[in-house]
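Colleague: My questions will all concern the structure given below.
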Amino acid sequence: MKILVLGGSGLVGSRFLELTADYNTVAPTHEELDLLDFVHLESYLQRSDADIVLNFAAFTNVDEVEKEKDNKEGLVYKLNVKLPKYLAQNCSSLNKYLIHISTDYVFEGKKQTPYVESDVPNPVNWYGTTKLLGEDEVRDVSSEFLVVRPEMPYSAHFDRKLDIARVFLKMLKEGKEINGVSDQKITPTFVDTLIYGLLRLIEAKAGGIYHLASTDSTTPYDFAVMVAQKFGLDEKLVKPVAFEEYNKTRTAKRPQNSYLDVSKFEGEFGSGILKSVSESVDELKKQMG
Ligand SMILES: NC(=O)c1ccc[n+]([C@@H]2O[C@H](COP(=O)([O-])OP(=O)(O)OC[C@H]3O[C@@H](n4cnc5c(N)ncnc54)[C@H](OP(=O)(O)O)[C@@H]3O)[C@@H](O)[C@H]2O)c1
């Protein structure tokens with residue numbers, strides 16, 4: 001199998017390429033292949049001998065995305081909606097297996113139990129809306145598709161942007177107070193775990209939608225305290241704050257409890273591949289040294 005990786009310079013894609021160094025992969029850079037140049041993309045796909053296309057590319061800055069709200073001619077819409085549509089159409093006609101990465105932000109976040117794959121999405125911001133439309137485009141083209149929804153992936157190292165774990169670590173190390181939301185349920189995912197789960201799905205040629213996240217949930221407050229404790233930093237810097245209070249000044253609305261249920265994946269592939277929140281932070285610490 002040969003995997004064409006799109007968005008391989010991003011937080012998740014770059015770690016995917018590190019962990020699959022002994023796989024047959026090809027990952028054109030943005031300069032080599034502008035994914036929004038659909039004419040070039042089509043000829044690239046036609047010439048490619050990859051039988052699998054894995055799409056990590058997206059416009060992911062949730063507040064920046066909101067500035068293009070309802071703009072169907074915008075860059076966000078093109079990348080998050082038109083690109084997956086285009087990929088699905090081409091992969092279907094070229095007989096390539098498409099894996100598209102989506103997000104927990106397709107959900108409204110009002111449930112008091114984790115979201116399962118069959119729950120009805122209802123995004124609260126433009127990022128979630130465009131990601132859901134992207135999923136729909138992939139689904140509409142063919143019955144053979146794989147959509148994977150991760151939540152809050154975090155990595156031991158990625159210089160270009162921070163994630164939930166490394167934001168908290170940076171603040172703790174700088175002695176800064178953290179406003180930890182204490183009434184929000186999250187299932188943050190250590191990026192390696194996400195990738196090992198993804199590889200199991202790819203190897204099984206799985207179809208449909210799968211959630212890949214931590215096996216238990218936490219809150220941003222509890223997560224920050226856990227990070228402080230495991231890294232030997234001052235947990236008293238973490239102060240509880242209400243979801244509504246924390247989010248009232250942000251550009252884009254956030255879903256409160258868009259946490260994910262991973263029992264579909266575990267039912268099919270077994271337990272032990274996906275990890276608990278605590279096991280994941282232990283692994284993060286091991287990798288960060
Ligand atoms: N990060 C999260 O918290 C999170 C949470 C849930 C789901 N997800 C989903 O997981 C996936 C990966 O997220 P991520 O955080 O790894 O994304 P990311 O770090 O923002 O990376 C986005 C990737 O898309 C590429 N890209 C953007 N426009 C392009 C273009 N016109 N041509 C070629 N490449 C282009 C970027 O390349 P350049 O930077 O080189 O331009 C980069 O490699 C996305 O589908 C995202 O929606 C992410």
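Each chain of the structure tokens is named A, B, ... in the order shown, its residues numbered from 1; ligands are numbered from 1 in display order.
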To test your reading of the structure, identify every residue in region 52-117 of chain A that backbone DSSP assigns to strand (DSSP E), and report it as a PDB file with C-alpha atoms, in the first residue's frame.
Modeller:
ATOM      1  CA  ILE A  52      -4.637   5.576  -0.452  1.00  0.00           C
ATOM      2  CA  VAL A  53      -5.216   9.317  -0.029  1.00  0.00           C
ATOM      3  CA  LEU A  54      -5.098  10.648   3.534  1.00  0.00           C
ATOM      4  CA  ASN A  55      -6.322  14.218   3.918  1.00  0.00           C
ATOM      5  CA  TYR A  97      -9.226   4.773  -0.827  1.00  0.00           C
ATOM      6  CA  LEU A  98      -9.888   8.219   0.721  1.00  0.00           C
ATOM      7  CA  ILE A  99      -9.483   8.914   4.412  1.00  0.00           C
ATOM      8  CA  HIS A 100     -10.693  12.330   5.456  1.00  0.00           C
ATOM      9  CA  ILE A 101     -10.004  13.844   8.877  1.00  0.00           C
TER      10      ILE A 101
END
Colleague: Give the residues close to ligand 1, within 6 Å, counting only C-alpha atoms and all ligand atoms; write them as number ranges by chain.
Modeller: A: 7-13, 30, 33-36, 56-60, 101-103, 150-153
Colleague: Which residue is closest to Ala50 (chain A)? Choose from A:Lys286, A:Phe223, A:Val81, A:Ile3 and count only C-alpha atoms.
Modeller: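 Closest residue, counting only C-alpha atoms: A:Ile3.
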Colleague: Pick out the closest residue to Lys131 (chain A) from this set: A:Asp119, A:Asp282, A:Glu68, A:Asp104. Count only C-alpha atoms.
Modeller: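 The answer is A:Asp104, which sits nearest to Lys131 (chain A).
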Colleague: Counting only C-alpha atoms, which of A:Gly175, A:Pro123, A:Gly289, A:Pro114 gets nearest to Ala228 (chain A)?
Modeller: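 Selected residue with least distance to Ala228 (chain A): A:Gly175.
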Colleague: I'd like the neighbourhood of Phe231 (chain A) as JSON, numbers by chain, where a residue qualifies if any of its atoms comes within 10 Å (using only C-alpha atoms), though same-chain residues fewer than 6 positions away should be ignored.
Modeller: {"A": [169, 172, 173, 225, 281, 282, 284, 285, 288, 289]}
Colleague: Residues as selected, C-alpha atoms, written as a compact mmCIF listing (two decimals), in the first residue's frame, can you do that?
Modeller:
# COMPACT_ATOMS: atom_id res chain seq x y z
CA LEU A 169 2.94 23.42 30.09
CA LEU A 172 3.02 26.53 34.14
CA LYS A 173 6.74 26.77 33.36
CA VAL A 225 -3.93 20.06 37.08
CA VAL A 281 0.00 12.54 29.65
CA ASP A 282 2.52 9.95 30.96
CA LEU A 284 3.77 12.97 26.60
CA LYS A 285 6.13 13.39 29.57
CA MET A 288 9.35 15.45 26.23
CA GLY A 289 12.02 14.13 28.59
Colleague: One decimal, in Å: what's the spacing between CA of Ser14 (chain A) and CA of Ile202 (chain A)?
Modeller: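 Distance reported for this atom pair: 17.4 Å.
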Colleague: Tell me which of A:Thr189, A:Ser276, A:Gln46, A:Thr251 sits closest to Asn95 (chain A), counting only C-alpha atoms.
Modeller: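 Of A:Thr189, A:Ser276, A:Gln46, A:Thr251, the one nearest Asn95 (chain A) is A:Gln46, counting only C-alpha atoms.
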Colleague: Using only C-alpha atoms, which residue out of A:Glu203, A:Glu245, A:Glu279, A:Glu31 lies closest to Val227 (chain A)?
Modeller: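 Ranked by minimum distance to Val227 (chain A), first place goes to A:Glu279.
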Colleague: Excluding same-chain residues fewer than 5 positions from Thr25 (chain A), what lies within 7 Å of it counting only C-alpha atoms, as a VMD selection string?
Modeller: chain A and resid 2 to 5
Colleague: Report, in Å to a single decimal, how far apart CA of Val62 (chain A) and CA of Ile178 (chain A) are.
Modeller: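 Separation between CA of Ile178 (chain A) and CA of Val62 (chain A): 20.5 Å.
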Colleague: Go through A:Pro220, A:Gly134, A:Gly74, A:Gly197 one by one, measure the shortest atom-to-atom distance of each to Gly272 (chain A) using only C-alpha atoms, and give the residue with the smallest value.
Modeller: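 Looking at the shortest contact to Gly272 (chain A), the residue is A:Gly197.
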